[in-house]
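What follows is one structure encoded as structure tokens, with my remarks underneath.
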Amino acid sequence: MLARVANNLFWMGRYIERAEHTARYLKVNYFSSLDAPNKLSQSRQFVLQSVYQMVGETSFTSLTLKEEEVLYNVGLNLNKTYSVLNSIKLARENANSSRDLVSTEFYESINKFYHFAMNYSNDKFVKNGLYDFTTSVTEHTSILRGKIRGTLLHDEIYALIMLGINIERATQITRIIKTKFDDANKAIGGYANPIKNSYEWTTLLKCTESYDMMRRYYKKSPTQLTTLEFLILNAKCPRSVMNSLNQIYNNICTIDNTKVFKKDTSAFLIGKMRAEYEFKTIEEIQLNVHDFIEKTSQLLFSIGFKLENEYFYV
Amino acid sequence: MTKNTLNPIFSSYDKIQSLYDEIFDENSDVREVYKKLFELYSGLSIDDYGNLNEMAKASFFNQGITFQVYSDTKAQEKIFPFDLFPRIIDHDEWDTIEKGVLQRSKALNLFLHDVYHDKKIIKDGIVPIEMISSSSNYLQSMMDIDPPGGIYNHISGTDLIKHSDGKYYVLEDNIRCPSGVSYVMCNRGALKKALFGVFNHYDIHSVTDYAENLLEILESVKPHGVDVPTAVVITPGIYNSAYYEHSYLAKTIGIELVEGRDLFVENDFVYMKTILGSKRVDIIYRRIDDTFLDPLEFKQDSAIGVPGLFAAYKKGNVTIVNAPGTGVADDKAIYTYMPEIIRYYLGEEPILNNVHTYHCSKEDDLKYVLENVNELVVKPVDEAGGYGISIGNRLTKEEIETLKETIKKEPRKYIAQPIMSLSVHATYIEDTNSFEQRHVDLRTFTLLGNQKDFVLRGGLTRVALKKGNLIVNSSQGGGSKDTWILKK
Amino acid sequence: MIYDYTIKYRSENHYETPVFEAYWQFLVTPENNETQELISENITTSVNARIESSINGLGFNTSRIHCKKPFKDIIFEVTFKLTKKEINPFDFTPSLDNALDYKLLESLLFRVEFEAYLKQTKLTTLPNLPEELFLFDKRESVFQNCLNLTHWIFDYVTFTTGVTTTETTLNTIIQNKKGVCQDFTHLMCAIARRNKVPARYVSGYLHQGNGFFGDSQMHAWVELYIPKVGWVGFDCTNNLLANHNHIKVAHGKDYDDCPPLKGIVYSSGNNFTKYTVEVTHQQ
């Protein structure tokens, strides 16, 4: 497998997953704020800032964000690297470079997805198309995942795309947790107060499409403890960090079937992180949630960085 | 047109008698091979046809079977227009074509070997020395190199037309990087999807065997001493207008699609950079022009080539397909010597006709051309893609004078041929929502390998979509048709 | 007599911004031929890179460097030792039948054989002039005409550095009548070819210390094919025949076939190149 093409497959996976999470975050936050139980969670400014924080937009200066501008930037502005549309465009560009390796069926789906998104009217999107667009994006990405699973040999090509998807998923989930944790802090009025029960936990679970699964598992309203435990440590939850780590580890073993990994390799790093998280308890995490989440995203970043240098830039 | 009024989808078909119509004979009767198809299509209304056409277009677009067109503002993706009415070629007619194009490819291969070795054909005065000395495609670096199996033009694309006399004429032999073969497969696929019923009534040759034959041809010219060779396709990248074809070929042959930056040369061997280290490459099917192949040997500013590739090739450590320097033989000036070239190397009479050509480099010919520009097609010797072609009877008086001046300035750069009237074929025209006559040509694909050759039984029928237009190239607004070769 | 030569070729390149990957191909190694023999070759570079030798498309030895680690400066240094035989360039039997020789130049077989060295290239195309610059006098031998052409070029062009580049065409040379060895050589190639004599552009080294023109850098001269004699070297920059002072590296149709250095550098920003040549000998 060519190193450059492997890189394309990996990033294609990442961008598909990124497009989905950004779209879903935008949708869920926006719509759940409409009937939120407390004032701050209802505040449009609070929501828009949360969206900007999640995508990493820091350059805004005005204290009052314009709704249409935020929606456009995060949704369809190709000049913003974080926009959903840009992720879709990059996913398809990466698919183009590896077109001979992916299935015709998959390519057709991603191509359709691209044309759908590129032709989506800005006007419609900011006025009344937010729900329609973001829902379509999540549906298209589900189709893509289906085609990846169903129309590609489960060999290293598949493993590389899934590696990208899983790393991106773990990264995005961590990002969402971080943003919502900050939101919850703000909503409760400062870090000093305990934030056990907050409407933001429900939103968080919905942002990750895990609310139903969580309810089924705990059979109770979400609290900080149960939410974090579920999204970070529950290996059975397909959206959890733990689940992603397990998959990442399997993916890397498919790509590189070296039996024993040296200690400076990305595979070793993944294995180590996975082992640590497997025996982590939520009580330990609770001691300093903020630091733990920060550390998680740093580890994921360094794994991604190492992977690229090890396999793609040879 | 009385007889055809029975058939609604042909009700407005406007037949011009002076042209050879592929479907209707001079009495406006449907030709034998089209009879069944004609009957089947009669069951459709022109609106059905319009819907099928829309579906086919959407299918090409969604599959990304497109090429990029660059305008001032941004790149646009366009599909290569596909026409649902197939072209049918009977087996006897095809037999002649098949033998003829193979004969030409073999003769051209021998010609290439000769001009890069002893140059006998020039010493014997058959082909003038200027054909190589003033050809920018003649590569001195290729002198005395013996490519594996002695093959230069592994892949040839021959463009044929049917003239108003009902005979096939060759217009051009493309032996640099002929393109279009992926559209042969895609057109077949699209037609099957849209009108699968019609295939039951005809016994036609499949086109899917091209990929496996191409792989066999590639492997037959592996470098000396290699057991199981690794072959790759090299592309300029995703922004190249033929990128779809490059990826399609790599996918169907089952080999890697590489760009120049994926390869490197060490000790005169070529390697590709993979996720698990370097892997040796033995055969390169290149879709990059000669002078871009190796910046150390040719154009130093080529960003799409592989530094050191040519030295590796010269040493025999890698095979390049087609060989560098083949362009000297697909020069339009060389074309005019094809009958002599065939006789010289093969001792056979040419099976396919050549169009008579006037060389503006010859005084007599130049005189004739200048006096008769309005009845001739004037072509630059070294432009591809239908650019720079002037059709005499389409020009205004001023344009004719300008053209004459241009020719006089550099006579060697131009050749002229009688205006050939390309045959016409029923083609669905969106603007009028009806069938009209449009000019068509035919590109065939021939493979030459070590002790092996293959002619694809099918081809790309290109159609000029603008009314009366004779230029069928996709870059000039042409479309294409599925082409059926009937089995015996 | 045998001369022992030591040649040092040194090239220094400085890049404003770091170079991440680079290939260089040097065409500086003296060839082996009847009059010269390469004894040793020692190549060093200031960066940690692979050095390989390879044969280019026209059949000459090149040294190739591939560097994958970022750097801003690179020094390439190579030392050759070789022996050169003393030759008398006039040592051949003069042709007796000039007419036959000129007829040979006209013949198709001859023109095909030497096609590469008879054709015009971008750098050897003469502009359209009202009259020929130099026409052969058919009463004299081909060799004598070539010698006369050498003198003529030497008088016609004034050796001046810094006014031309390796891309200067003959248009400019003829207009300004100034240039360095490659300009002299291009003009001579063009006129010889116009008179149907095959001409090769030769790149090489010139023994220093004798006050020759063009001895501080790589030198260029012409080889012309004289019927019944073969290739003979003419140094029109110095108005003489090539001899034991001329150490040949490569030949081609013009400069573009034999530049000492071709480089592909993946970097942005300007670069500065400086190269020096040192040629010494003991008898």
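Labeling convention for the structure tokens: chains A, B, ... as they appear, residues from 1 per chain, ligands from 1 in order of appearance.
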Which residues are close to Ile143 (chain A), i.e. within 9 Å by only C-alpha atoms, leaving aside same-chain residues fewer than 3 positions away? Reply as a PyMOL selection string.
chain A and resi 106+109-110+138-140+146-148
Would you please extract all strand (DSSP E) residues from region 146-340 of chain B, as assigned by DSSP on the backbone, and give them as a count of residues only?
44
For region 28-40 of chain C, please output as a CSV table (one decimal) with N, CA and C atoms, in the first residue's frame all residues within 10 Å (counting only C-alpha atoms; exclusion window: fewer than 3 positions along the same chain).
chain,number,residue,atom,x,y,z
C,2,ILE,N,53.2,12.2,-21.1
C,2,ILE,CA,51.9,12.0,-20.3
C,2,ILE,C,51.8,13.1,-19.2
C,3,TYR,N,50.7,13.6,-19.1
C,3,TYR,CA,50.4,14.6,-18.1
C,3,TYR,C,49.5,14.1,-17.0
C,4,ASP,N,50.0,14.3,-15.7
C,4,ASP,CA,49.1,13.8,-14.6
C,4,ASP,C,48.3,15.0,-14.1
C,5,TYR,N,47.0,14.9,-14.2
C,5,TYR,CA,46.1,16.0,-13.8
C,5,TYR,C,45.4,15.8,-12.5
C,6,THR,N,45.3,16.8,-11.7
C,6,THR,CA,44.4,16.8,-10.6
C,6,THR,C,43.3,17.9,-10.8
C,7,ILE,N,42.1,17.5,-10.7
C,7,ILE,CA,41.0,18.5,-10.9
C,7,ILE,C,40.1,18.5,-9.7
C,9,TYR,N,36.6,20.0,-8.4
C,9,TYR,CA,35.3,20.7,-8.7
C,9,TYR,C,34.6,20.9,-7.4
C,25,GLN,N,22.2,16.2,-9.9
C,25,GLN,CA,23.0,15.3,-10.8
C,25,GLN,C,24.1,16.1,-11.4
C,60,PHE,N,26.7,9.4,-20.6
C,60,PHE,CA,27.8,9.9,-19.8
C,60,PHE,C,27.6,9.6,-18.3
C,61,ASN,N,28.8,9.5,-17.6
C,61,ASN,CA,28.7,9.2,-16.2
C,61,ASN,C,28.3,10.4,-15.4
C,62,THR,N,27.3,10.2,-14.5
C,62,THR,CA,26.9,11.3,-13.7
C,62,THR,C,27.0,10.8,-12.2
C,63,SER,N,27.1,11.8,-11.3
C,63,SER,CA,27.0,11.5,-9.9
C,63,SER,C,25.7,12.1,-9.4
C,78,VAL,N,34.5,17.4,-5.5
C,78,VAL,CA,34.9,16.2,-6.1
C,78,VAL,C,36.4,16.4,-6.6
C,79,THR,N,37.2,15.4,-6.4
C,79,THR,CA,38.6,15.5,-6.9
C,79,THR,C,38.8,14.3,-7.9
C,80,PHE,N,39.3,14.7,-9.0
C,80,PHE,CA,39.7,13.6,-10.0
C,80,PHE,C,41.2,13.6,-10.2
C,81,LYS,N,41.7,12.4,-10.5
C,81,LYS,CA,43.1,12.3,-10.9
C,81,LYS,C,43.0,11.6,-12.3
C,82,LEU,N,43.7,12.2,-13.3
C,82,LEU,CA,43.7,11.5,-14.5
C,82,LEU,C,45.0,11.8,-15.3
C,83,THR,N,45.2,10.9,-16.3
C,83,THR,CA,46.4,11.2,-17.1
C,83,THR,C,45.9,11.5,-18.5
C,84,LYS,N,46.7,12.4,-19.1
C,84,LYS,CA,46.3,12.9,-20.5
C,84,LYS,C,47.6,12.7,-21.3
C,85,LYS,N,47.3,12.2,-22.5
C,85,LYS,CA,48.5,12.0,-23.4
C,85,LYS,C,48.7,13.3,-24.2
C,86,GLU,N,49.9,13.6,-24.5
C,86,GLU,CA,50.2,14.7,-25.3
C,86,GLU,C,49.8,14.3,-26.8
C,87,ILE,N,49.1,15.2,-27.4
C,87,ILE,CA,48.7,14.9,-28.8
C,87,ILE,C,49.0,16.0,-29.7
C,203,SER,N,31.8,19.7,-23.2
C,203,SER,CA,32.0,20.4,-21.9
C,203,SER,C,33.1,19.7,-21.2
C,204,GLY,N,34.0,20.5,-20.6
C,204,GLY,CA,35.2,19.9,-20.0
C,204,GLY,C,36.0,20.9,-19.1
C,205,TYR,N,37.2,20.5,-18.9
C,205,TYR,CA,38.1,21.4,-18.1
C,205,TYR,C,39.3,21.9,-18.9
C,218,MET,N,34.1,25.6,-15.7
C,218,MET,CA,34.1,24.6,-16.7
C,218,MET,C,34.2,25.2,-18.1
C,243,ASN,N,43.8,20.2,-27.2
C,243,ASN,CA,45.0,19.4,-27.1
C,243,ASN,C,45.1,18.8,-25.7
C,244,HIS,N,46.3,18.6,-25.2
C,244,HIS,CA,46.4,18.0,-23.9
C,244,HIS,C,46.0,18.9,-22.7
C,246,HIS,N,43.0,20.2,-22.8
C,246,HIS,CA,41.6,20.1,-22.7
C,246,HIS,C,41.2,18.7,-22.2
C,247,ILE,N,40.5,18.7,-21.1
C,247,ILE,CA,40.0,17.5,-20.5
C,247,ILE,C,38.5,17.4,-20.7
C,248,LYS,N,38.1,16.4,-21.5
C,248,LYS,CA,36.7,16.3,-21.9
C,248,LYS,C,35.8,15.6,-20.8
C,249,VAL,N,34.7,16.1,-20.6
C,249,VAL,CA,33.7,15.5,-19.7
C,249,VAL,C,32.6,14.8,-20.5
C,250,ALA,N,31.9,15.6,-21.4
C,250,ALA,CA,30.8,15.1,-22.1
C,250,ALA,C,30.6,15.9,-23.4
C,251,HIS,N,29.7,15.4,-24.2
C,251,HIS,CA,29.3,16.2,-25.4
C,251,HIS,C,27.8,16.1,-25.6
C,258,CYS,N,24.5,19.0,-21.7
C,258,CYS,CA,25.6,18.7,-20.7
C,258,CYS,C,25.9,19.8,-19.7
C,259,PRO,N,24.8,20.3,-19.0
C,259,PRO,CA,25.1,21.2,-17.9
C,259,PRO,C,25.8,20.4,-16.8
C,260,PRO,N,26.8,21.1,-16.1
C,260,PRO,CA,27.5,20.4,-15.1
C,260,PRO,C,26.5,19.9,-13.9
C,261,LEU,N,25.5,20.7,-13.7
C,261,LEU,CA,24.6,20.4,-12.5
C,261,LEU,C,23.1,20.6,-12.9
Just need the residues of chain B within 9 Å of chain C, counting only C-alpha atoms, so spit them out as number ranges by chain.
B: 118-119, 122-125, 129, 132-134, 140-143, 266-268, 295-297, 300-301, 303, 307-308, 310-312, 314-315
Need the shell around region 422-439 of chain B: protein/DNA/RNA residues with any atom at most 6 Å away, counting only C-alpha atoms. Skip same-chain ones fewer than 4 positions apart. Format as a ChimeraX atom specification?
/B:13,20-22,161-163,463-464
Selection to disk with N, CA and C atoms, as a PDB file, in the first residue's frame:
ATOM      1  N   TYR B  13     -36.375  12.899 -37.796  1.00  0.00           N
ATOM      2  CA  TYR B  13     -35.001  12.636 -38.233  1.00  0.00           C
ATOM      3  C   TYR B  13     -34.784  13.212 -39.617  1.00  0.00           C
ATOM      4  N   TYR B  20     -22.878   9.525 -45.385  1.00  0.00           N
ATOM      5  CA  TYR B  20     -23.100   8.108 -45.115  1.00  0.00           C
ATOM      6  C   TYR B  20     -23.774   7.976 -43.751  1.00  0.00           C
ATOM      7  N   ASP B  21     -24.986   7.449 -43.761  1.00  0.00           N
ATOM      8  CA  ASP B  21     -25.712   7.269 -42.503  1.00  0.00           C
ATOM      9  C   ASP B  21     -25.518   5.834 -42.047  1.00  0.00           C
ATOM     10  N   GLU B  22     -25.080   5.669 -40.799  1.00  0.00           N
ATOM     11  CA  GLU B  22     -24.785   4.327 -40.288  1.00  0.00           C
ATOM     12  C   GLU B  22     -26.040   3.486 -40.133  1.00  0.00           C
ATOM     13  N   ILE B 161     -12.533   6.733 -39.425  1.00  0.00           N
ATOM     14  CA  ILE B 161     -13.823   7.304 -39.806  1.00  0.00           C
ATOM     15  C   ILE B 161     -14.346   6.526 -41.004  1.00  0.00           C
ATOM     16  N   LYS B 162     -15.657   6.649 -41.230  1.00  0.00           N
ATOM     17  CA  LYS B 162     -16.216   6.068 -42.442  1.00  0.00           C
ATOM     18  C   LYS B 162     -16.594   7.250 -43.338  1.00  0.00           C
ATOM     19  N   HIS B 163     -16.031   7.250 -44.521  1.00  0.00           N
ATOM     20  CA  HIS B 163     -16.224   8.354 -45.459  1.00  0.00           C
ATOM     21  C   HIS B 163     -17.541   8.143 -46.219  1.00  0.00           C
ATOM     22  N   VAL B 463     -18.833  11.217 -30.887  1.00  0.00           N
ATOM     23  CA  VAL B 463     -19.826  11.895 -31.686  1.00  0.00           C
ATOM     24  C   VAL B 463     -19.732  13.409 -31.461  1.00  0.00           C
ATOM     25  N   ALA B 464     -19.748  14.144 -32.560  1.00  0.00           N
ATOM     26  CA  ALA B 464     -19.699  15.606 -32.482  1.00  0.00           C
ATOM     27  C   ALA B 464     -21.117  16.099 -32.234  1.00  0.00           C
TER      28      ALA B 464
END
Closest atom pairs, residues of region 158-217 of chain C within 12 Å of region 137-143 of chain C, only C-alpha atoms, as CSV:
residue,atom,partner,partner_atom,distance
C:Ala192,CA,C:Val142,CA,10.2
C:Asn195,CA,C:Val142,CA,9.8
C:Lys196,CA,C:Val142,CA,10.2
C:Val197,CA,C:Val142,CA,8.3
C:Pro198,CA,C:Val142,CA,11.4
Write the selection just made, keeping N, CA and C atoms, as a PDB file, in the first residue's frame?
ATOM      1  N   ALA C 192      28.909  25.680 -38.279  1.00  0.00           N
ATOM      2  CA  ALA C 192      29.410  24.422 -38.841  1.00  0.00           C
ATOM      3  C   ALA C 192      28.245  23.594 -39.386  1.00  0.00           C
ATOM      4  N   ASN C 195      26.911  24.661 -42.515  1.00  0.00           N
ATOM      5  CA  ASN C 195      27.779  24.255 -43.621  1.00  0.00           C
ATOM      6  C   ASN C 195      27.880  22.734 -43.730  1.00  0.00           C
ATOM      7  N   LYS C 196      26.913  22.076 -43.095  1.00  0.00           N
ATOM      8  CA  LYS C 196      26.728  20.618 -43.213  1.00  0.00           C
ATOM      9  C   LYS C 196      27.793  19.788 -42.495  1.00  0.00           C
ATOM     10  N   VAL C 197      28.547  20.415 -41.614  1.00  0.00           N
ATOM     11  CA  VAL C 197      29.538  19.656 -40.850  1.00  0.00           C
ATOM     12  C   VAL C 197      28.951  19.319 -39.479  1.00  0.00           C
ATOM     13  N   PRO C 198      28.904  18.042 -39.109  1.00  0.00           N
ATOM     14  CA  PRO C 198      28.389  17.662 -37.790  1.00  0.00           C
ATOM     15  C   PRO C 198      29.197  18.326 -36.673  1.00  0.00           C
TER      16      PRO C 198
END
